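**Q** Got query.pdb for you, PDB, C-alpha atoms:
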```pdb
ATOM      1  CA  MET J   8     -28.051 153.479-122.309  1.00  0.00           C
ATOM      2  CA  ILE J   9     -24.881 152.540-124.121  1.00  0.00           C
ATOM      3  CA  THR J  10     -25.219 149.705-126.622  1.00  0.00           C
ATOM      4  CA  PRO J  11     -22.211 147.374-126.508  1.00  0.00           C
ATOM      5  CA  ASN J  12     -20.141 147.166-129.660  1.00  0.00           C
ATOM      6  CA  PHE J  13     -19.322 143.470-129.846  1.00  0.00           C
ATOM      7  CA  GLN J  14     -17.014 143.882-132.841  1.00  0.00           C
ATOM      8  CA  SER J  15     -14.870 146.336-130.862  1.00  0.00           C
ATOM      9  CA  ARG J  16     -14.935 144.065-127.788  1.00  0.00           C
ATOM     10  CA  ASP J  17     -13.805 141.072-129.835  1.00  0.00           C
ATOM     11  CA  ALA J  18     -11.056 143.076-131.561  1.00  0.00           C
ATOM     12  CA  ILE J  19      -9.712 144.381-128.249  1.00  0.00           C
ATOM     13  CA  ALA J  20      -9.735 140.869-126.744  1.00  0.00           C
ATOM     14  CA  GLN J  21      -7.870 139.515-129.770  1.00  0.00           C
ATOM     15  CA  VAL J  22      -5.185 142.184-129.441  1.00  0.00           C
ATOM     16  CA  GLY J  23      -4.805 141.628-125.693  1.00  0.00           C
ATOM     17  CA  LEU J  24      -5.236 137.865-125.383  1.00  0.00           C
ATOM     18  CA  GLY J  25      -4.964 136.489-128.897  1.00  0.00           C
ATOM     19  CA  ILE J  26      -7.226 134.252-130.913  1.00  0.00           C
ATOM     20  CA  ARG J  27     -10.141 132.645-129.052  1.00  0.00           C
ATOM     21  CA  VAL J  28     -11.271 129.031-129.478  1.00  0.00           C
ATOM     22  CA  ASP J  29     -14.406 127.790-127.657  1.00  0.00           C
ATOM     23  CA  ARG J  30     -15.172 124.169-126.800  1.00  0.00           C
ATOM     24  CA  GLY J  31     -18.758 123.276-125.923  1.00  0.00           C
ATOM     25  CA  THR J  32     -19.731 121.804-122.588  1.00  0.00           C
ATOM     26  CA  ALA J  33     -19.011 118.129-121.937  1.00  0.00           C
ATOM     27  CA  ASN J  34     -18.419 115.633-119.171  1.00  0.00           C
ATOM     28  CA  LEU J  35     -14.660 115.124-118.909  1.00  0.00           C
ATOM     29  CA  THR J  36     -13.077 111.704-119.098  1.00  0.00           C
ATOM     30  CA  ASN J  37      -9.421 110.988-118.387  1.00  0.00           C
ATOM     31  CA  GLY J  38      -7.203 111.843-121.336  1.00  0.00           C
ATOM     32  CA  LEU J  39      -9.974 113.699-123.194  1.00  0.00           C
ATOM     33  CA  ASP J  40      -8.479 116.037-125.792  1.00  0.00           C
ATOM     34  CA  LEU J  41      -9.874 119.548-125.321  1.00  0.00           C
ATOM     35  CA  PHE J  42      -7.926 121.376-128.037  1.00  0.00           C
ATOM     36  CA  THR J  43      -5.551 120.417-130.851  1.00  0.00           C
ATOM     37  CA  VAL J  44      -2.484 122.518-131.689  1.00  0.00           C
ATOM     38  CA  ILE J  45      -1.699 122.207-135.402  1.00  0.00           C
ATOM     39  CA  GLY J  46       1.229 123.308-137.556  1.00  0.00           C
ATOM     40  CA  GLY J  47       3.705 124.432-134.906  1.00  0.00           C
ATOM     41  CA  ARG J  48       4.054 126.119-131.542  1.00  0.00           C
ATOM     42  CA  VAL J  49       1.560 128.508-129.966  1.00  0.00           C
ATOM     43  CA  LEU J  50       1.669 130.768-126.936  1.00  0.00           C
ATOM     44  CA  VAL J  51      -1.312 129.920-124.702  1.00  0.00           C
ATOM     45  CA  MET J  52      -2.355 133.170-123.055  1.00  0.00           C
ATOM     46  CA  LEU J  53      -5.398 131.905-121.129  1.00  0.00           C
ATOM     47  CA  VAL J  54      -7.291 128.666-120.643  1.00  0.00           C
ATOM     48  CA  LEU J  55     -10.682 129.163-118.984  1.00  0.00           C
ATOM     49  CA  GLY J  56     -13.244 126.555-117.991  1.00  0.00           C
ATOM     50  CA  GLU J  57     -16.722 127.031-116.574  1.00  0.00           C
ATOM     51  CA  VAL J  58     -18.781 124.370-114.832  1.00  0.00           C
ATOM     52  CA  THR J  59     -22.137 124.096-116.611  1.00  0.00           C
ATOM     53  CA  THR J  60     -23.551 121.078-114.730  1.00  0.00           C
ATOM     54  CA  LEU J  61     -22.901 120.517-111.003  1.00  0.00           C
ATOM     55  CA  MET J  62     -19.901 118.254-110.392  1.00  0.00           C
ATOM     56  CA  GLU J  63     -20.517 115.133-108.346  1.00  0.00           C
ATOM     57  CA  THR J  64     -19.576 115.149-104.646  1.00  0.00           C
ATOM     58  CA  LYS J  65     -16.521 112.898-104.652  1.00  0.00           C
ATOM     59  CA  THR J  66     -12.809 113.351-105.263  1.00  0.00           C
ATOM     60  CA  ILE J  67     -12.395 114.478-108.869  1.00  0.00           C
ATOM     61  CA  ASN J  68      -8.788 115.575-109.404  1.00  0.00           C
ATOM     62  CA  LEU J  69      -8.373 117.683-112.545  1.00  0.00           C
ATOM     63  CA  LYS J  70      -5.279 119.010-114.277  1.00  0.00           C
ATOM     64  CA  LEU J  71      -4.466 119.996-117.848  1.00  0.00           C
ATOM     65  CA  GLN J  72      -1.680 118.437-119.876  1.00  0.00           C
ATOM     66  CA  ALA J  73       0.078 119.081-123.170  1.00  0.00           C
ATOM     67  CA  ASN J  74       0.477 115.902-125.204  1.00  0.00           C
ATOM     68  CA  PRO J  75       2.830 116.804-128.076  1.00  0.00           C
ATOM     69  CA  THR J  76       2.859 115.016-131.417  1.00  0.00           C
ATOM     70  CA  ALA J  77       6.558 114.294-130.817  1.00  0.00           C
ATOM     71  CA  GLY J  78       7.680 113.758-127.232  1.00  0.00           C
ATOM     72  CA  THR J  79       6.232 113.098-123.810  1.00  0.00           C
ATOM     73  CA  THR J  80       3.015 114.353-122.201  1.00  0.00           C
ATOM     74  CA  ASN J  81       3.695 117.226-119.765  1.00  0.00           C
ATOM     75  CA  ASP J  82       1.576 118.810-117.052  1.00  0.00           C
ATOM     76  CA  MET J  83       0.313 122.347-117.662  1.00  0.00           C
ATOM     77  CA  SER J  84      -0.981 122.446-114.062  1.00  0.00           C
ATOM     78  CA  ALA J  85      -1.221 120.289-110.958  1.00  0.00           C
ATOM     79  CA  ASP J  86      -4.398 118.614-109.654  1.00  0.00           C
ATOM     80  CA  VAL J  87      -7.309 120.433-108.062  1.00  0.00           C
ATOM     81  CA  ASP J  88     -10.278 118.611-106.523  1.00  0.00           C
ATOM     82  CA  MET J  89     -13.471 119.481-108.434  1.00  0.00           C
ATOM     83  CA  SER J  90     -15.772 117.775-105.905  1.00  0.00           C
ATOM     84  CA  ALA J  91     -19.210 119.470-105.784  1.00  0.00           C
ATOM     85  CA  ALA J  92     -18.083 122.419-107.945  1.00  0.00           C
ATOM     86  CA  GLU J  93     -21.255 124.407-108.585  1.00  0.00           C
ATOM     87  CA  VAL J  94     -22.576 125.727-111.870  1.00  0.00           C
ATOM     88  CA  GLY J  95     -20.692 128.927-112.727  1.00  0.00           C
ATOM     89  CA  THR J  96     -17.427 127.830-111.058  1.00  0.00           C
ATOM     90  CA  LEU J  97     -14.534 129.146-113.146  1.00  0.00           C
ATOM     91  CA  ILE J  98     -11.317 127.184-113.739  1.00  0.00           C
ATOM     92  CA  THR J  99      -7.959 128.234-115.140  1.00  0.00           C
ATOM     93  CA  ILE J 100      -4.266 127.432-114.842  1.00  0.00           C
ATOM     94  CA  ALA J 101      -1.508 129.555-113.337  1.00  0.00           C
ATOM     95  CA  GLY J 102       0.921 129.024-116.205  1.00  0.00           C
ATOM     96  CA  THR J 103       3.320 127.007-114.017  1.00  0.00           C
ATOM     97  CA  ALA J 104       3.122 123.216-114.257  1.00  0.00           C
ATOM     98  CA  ALA J 105       3.677 122.630-110.530  1.00  0.00           C
ATOM     99  CA  THR J 106       0.886 125.024-109.489  1.00  0.00           C
ATOM    100  CA  ALA J 107      -2.568 123.564-108.937  1.00  0.00           C
ATOM    101  CA  THR J 108      -5.313 124.270-111.438  1.00  0.00           C
ATOM    102  CA  GLN J 109      -7.062 127.432-110.222  1.00  0.00           C
ATOM    103  CA  LEU J 110     -10.654 126.984-109.053  1.00  0.00           C
ATOM    104  CA  GLY J 111     -12.933 129.970-108.395  1.00  0.00           C
ATOM    105  CA  LYS J 112     -15.838 129.086-106.134  1.00  0.00           C
ATOM    106  CA  SER J 113     -17.980 132.206-106.665  1.00  0.00           C
ATOM    107  CA  GLY J 114     -17.912 132.917-110.383  1.00  0.00           C
ATOM    108  CA  VAL J 115     -14.514 134.578-110.210  1.00  0.00           C
ATOM    109  CA  VAL J 116     -11.040 133.129-110.700  1.00  0.00           C
ATOM    110  CA  ARG J 117      -7.547 134.534-110.929  1.00  0.00           C
ATOM    111  CA  ALA J 118      -6.409 134.850-114.553  1.00  0.00           C
ATOM    112  CA  GLN J 119      -3.483 132.866-115.870  1.00  0.00           C
ATOM    113  CA  ASP J 120      -0.265 134.416-114.490  1.00  0.00           C
ATOM    114  CA  ALA J 121       2.062 133.356-117.283  1.00  0.00           C
ATOM    115  CA  ALA J 122       1.661 132.342-120.885  1.00  0.00           C
ATOM    116  CA  MET J 123       2.792 128.839-121.860  1.00  0.00           C
ATOM    117  CA  VAL J 124       4.475 127.713-125.078  1.00  0.00           C
ATOM    118  CA  VAL J 125       2.750 124.563-126.351  1.00  0.00           C
ATOM    119  CA  ALA J 126       4.015 122.434-129.236  1.00  0.00           C
ATOM    120  CA  ALA J 127       1.842 120.813-131.890  1.00  0.00           C
ATOM    121  CA  GLY J 128      -0.315 118.078-130.383  1.00  0.00           C
ATOM    122  CA  ALA J 129      -3.201 117.997-127.909  1.00  0.00           C
ATOM    123  CA  ILE J 130      -4.170 119.919-124.795  1.00  0.00           C
ATOM    124  CA  GLU J 131      -6.033 117.397-122.697  1.00  0.00           C
ATOM    125  CA  ALA J 132      -7.800 116.908-119.392  1.00  0.00           C
ATOM    126  CA  SER J 133      -6.370 114.513-116.844  1.00  0.00           C
ATOM    127  CA  ILE J 134      -9.187 113.629-114.496  1.00  0.00           C
ATOM    128  CA  GLY J 135      -8.938 111.107-111.691  1.00  0.00           C
ATOM    129  CA  ASP J 136     -12.333 109.404-111.673  1.00  0.00           C
ATOM    130  CA  THR J 137     -15.576 109.043-113.591  1.00  0.00           C
ATOM    131  CA  HIS J 138     -18.148 111.562-112.423  1.00  0.00           C
ATOM    132  CA  THR J 139     -21.228 113.566-113.252  1.00  0.00           C
ATOM    133  CA  GLY J 140     -20.890 117.216-114.186  1.00  0.00           C
ATOM    134  CA  SER J 141     -19.823 119.169-117.265  1.00  0.00           C
ATOM    135  CA  ILE J 142     -17.376 121.952-118.139  1.00  0.00           C
ATOM    136  CA  LYS J 143     -17.110 124.247-121.155  1.00  0.00           C
ATOM    137  CA  TRP J 144     -13.679 125.610-122.137  1.00  0.00           C
ATOM    138  CA  SER J 145     -12.214 128.618-123.955  1.00  0.00           C
ATOM    139  CA  LEU J 146      -8.572 129.111-124.941  1.00  0.00           C
ATOM    140  CA  TRP J 147      -6.807 132.253-126.159  1.00  0.00           C
ATOM    141  CA  TYR J 148      -3.499 131.911-128.003  1.00  0.00           C
ATOM    142  CA  LEU J 149      -0.953 133.567-130.272  1.00  0.00           C
ATOM    143  CA  PRO J 150       0.691 131.547-133.075  1.00  0.00           C
ATOM    144  CA  LEU J 151       4.486 131.401-132.750  1.00  0.00           C
ATOM    145  CA  ASP J 152       5.229 129.508-135.966  1.00  0.00           C
ATOM    146  CA  THR J 153       3.908 130.354-139.415  1.00  0.00           C
ATOM    147  CA  GLY J 154       0.769 128.297-139.995  1.00  0.00           C
ATOM    148  CA  ALA J 155       0.298 127.316-136.324  1.00  0.00           C
ATOM    149  CA  TYR J 156      -3.255 127.350-134.983  1.00  0.00           C
ATOM    150  CA  VAL J 157      -5.592 125.746-132.426  1.00  0.00           C
ATOM    151  CA  VAL J 158      -8.904 123.967-133.011  1.00  0.00           C
ATOM    152  CA  VAL J 159     -11.422 122.207-130.782  1.00  0.00           C
ATOM    153  CA  ALA J 160     -10.491 118.530-130.458  1.00  0.00           C
TER     154      ALA J 160
END
```
Please re-express this file's structure in structure tokens.

**A**
Amino acid sequence: MITPNFQSRDAIAQVGLGIRVDRGTANLTNGLDLFTVIGGRVLVMLVLGEVTTLMETKTINLKLQANPTAGTTNDMSADVDMSAAEVGTLITIAGTAATATQLGKSGVVRAQDAAMVVAAGAIEASIGDTHTGSIKWSLWYLPLDTGAYVVVA
């Protein structure tokens, strides 16, 4: 039996995807900040959510937005209906604002197609209605400006 080397795994992931930031599970409310970009621009390589508590059966439109410190809030993805999303459902974005948030129904989801440049400010959830259910999030990024980094909001 081969014992996994977690230090090697983490180093390889950091080289391929960038720095990882994990946000614990929470029920999403509209405009909830998920991550904060500080000190300049970053290249978001992958945003990945996972449903940890069954989502309520009703229309729950979800998209991610970038809300810069200076400027106007912009969509990072278009809405997807999260109604009745089961535990283990994976969520990501395509990397194109007009493309719906990607929802994997069986514990698998297509990875982000394109990286996105995000300015200092917040990455937030836009969700259409109050609901039950929770999602945890991870984000991988590369700093583009000296001193730029991402933290959990």

**Q** Which one is closest to J:Val54: J:Ala85, J:Ala104, J:Ala91, J:Ala118? Count all atoms listed in the file.

**A**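 Answer, going by the shortest atom-to-atom distance: J:Ala118.
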
**Q** Any idea what's packed within 12 Å of J:Asp136, counting all atoms listed in the file, ignoring anything in its chain fewer than 3 positions away? Could you give it as number ranges by chain?

**A** J: 34-38, 62-69, 88-90, 132-133, 139-140

**Q** Could you please determine the separation between atom CA of J:His138 and atom CA of J:Thr32 in Å, to one decimal place?

**A**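 Interatomic distance, atom CA of J:His138 to atom CA of J:Thr32: 14.5 Å.
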
**Q** Would you mind listing what lies within 10 Å of J:Asp29 as a list of chain:residue names, with all atoms listed in the file counted and same-chain residues fewer than 2 positions away left out?

**A**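 Here the qualifying residues turn out to be J:Arg27, J:Gly31, J:Thr32, J:Leu41, J:Phe42, J:Leu55, J:Gly56, J:Lys143, J:Trp144, J:Ser145, J:Leu146, J:Trp147, J:Val158, J:Val159.
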
**Q** Around the point (-4.2, 123.0, -108.4) (coordinates from the file), which residues reach within 8 Å if we count all atoms listed in the file? Answer as a PyMOL selection string.

**A** chain J and resi 69-70+84-88+100+106-110

**Q** Apply the PyMOL selection byres ((chain J and resi 148-157) around 10) to the file shown and report the selected residues as an mmCIF file with C-alpha atoms, keeping the file's coordinate frame.

**A**
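And here is the file that came out, part.cif:
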```
data_model
loop_
_atom_site.group_PDB
_atom_site.id
_atom_site.type_symbol
_atom_site.label_atom_id
_atom_site.label_comp_id
_atom_site.auth_asym_id
_atom_site.auth_seq_id
_atom_site.Cartn_x
_atom_site.Cartn_y
_atom_site.Cartn_z
ATOM 1 C CA GLN J 21 -7.870 139.515 -129.770
ATOM 2 C CA VAL J 22 -5.185 142.184 -129.441
ATOM 3 C CA LEU J 24 -5.236 137.865 -125.383
ATOM 4 C CA GLY J 25 -4.964 136.489 -128.897
ATOM 5 C CA ILE J 26 -7.226 134.252 -130.913
ATOM 6 C CA ARG J 27 -10.141 132.645 -129.052
ATOM 7 C CA VAL J 28 -11.271 129.031 -129.478
ATOM 8 C CA PHE J 42 -7.926 121.376 -128.037
ATOM 9 C CA THR J 43 -5.551 120.417 -130.851
ATOM 10 C CA VAL J 44 -2.484 122.518 -131.689
ATOM 11 C CA ILE J 45 -1.699 122.207 -135.402
ATOM 12 C CA GLY J 46 1.229 123.308 -137.556
ATOM 13 C CA GLY J 47 3.705 124.432 -134.906
ATOM 14 C CA ARG J 48 4.054 126.119 -131.542
ATOM 15 C CA VAL J 49 1.560 128.508 -129.966
ATOM 16 C CA LEU J 50 1.669 130.768 -126.936
ATOM 17 C CA VAL J 51 -1.312 129.920 -124.702
ATOM 18 C CA MET J 52 -2.355 133.170 -123.055
ATOM 19 C CA LEU J 53 -5.398 131.905 -121.129
ATOM 20 C CA VAL J 54 -7.291 128.666 -120.643
ATOM 21 C CA ALA J 122 1.661 132.342 -120.885
ATOM 22 C CA MET J 123 2.792 128.839 -121.860
ATOM 23 C CA VAL J 124 4.475 127.713 -125.078
ATOM 24 C CA VAL J 125 2.750 124.563 -126.351
ATOM 25 C CA ALA J 126 4.015 122.434 -129.236
ATOM 26 C CA ALA J 127 1.842 120.813 -131.890
ATOM 27 C CA GLY J 128 -0.315 118.078 -130.383
ATOM 28 C CA ALA J 129 -3.201 117.997 -127.909
ATOM 29 C CA ILE J 130 -4.170 119.919 -124.795
ATOM 30 C CA LEU J 146 -8.572 129.111 -124.941
ATOM 31 C CA TRP J 147 -6.807 132.253 -126.159
ATOM 32 C CA VAL J 158 -8.904 123.967 -133.011
ATOM 33 C CA VAL J 159 -11.422 122.207 -130.782
ATOM 34 C CA ALA J 160 -10.491 118.530 -130.458
#
```

**Q** May I have the residues within 8 Å of J:Leu97 as a list of chain:residue names, using only C-alpha atoms and disregarding those fewer than 5 positions away in the same chain?

**A**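 In the requested format, the answer is J:Leu55, J:Gly56, J:Glu57, J:Val58, J:Leu110, J:Gly111, J:Lys112, J:Ser113, J:Gly114, J:Val115, J:Val116.
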
**Q** Have a look at atom CA of J:Glu131 and atom CA of J:Asn81 and let me know their distance in Å, one decimal.

**A**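 Atom-to-atom, atom CA of J:Glu131 to atom CA of J:Asn81, that is 10.2 Å.
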
**Q** Nearest to J:Thr59: which of J:Gln119, J:Gly135, J:Glu93, J:Ala105 is it, counting all atoms listed in the file?

**A** J:Glu93

**Q** For atom CA of J:Arg117 and atom CA of J:Thr99, quote the distance in Å rounded to one decimal.

**A**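 We find that atom CA of J:Arg117 and atom CA of J:Thr99 lie 7.6 Å from each other.
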
**Q** Starting from 3 Å padding per side, set up an axis-aligned box that covers all listed atoms of stretch 69-77 of chain J and hand over centre and edge lengths in Å, one decimal, as JSON.

**A**
```
{"center_x": -0.9, "center_y": 117.1, "center_z": -122.0, "size_x": 20.9, "size_y": 11.7, "size_z": 24.9}
```
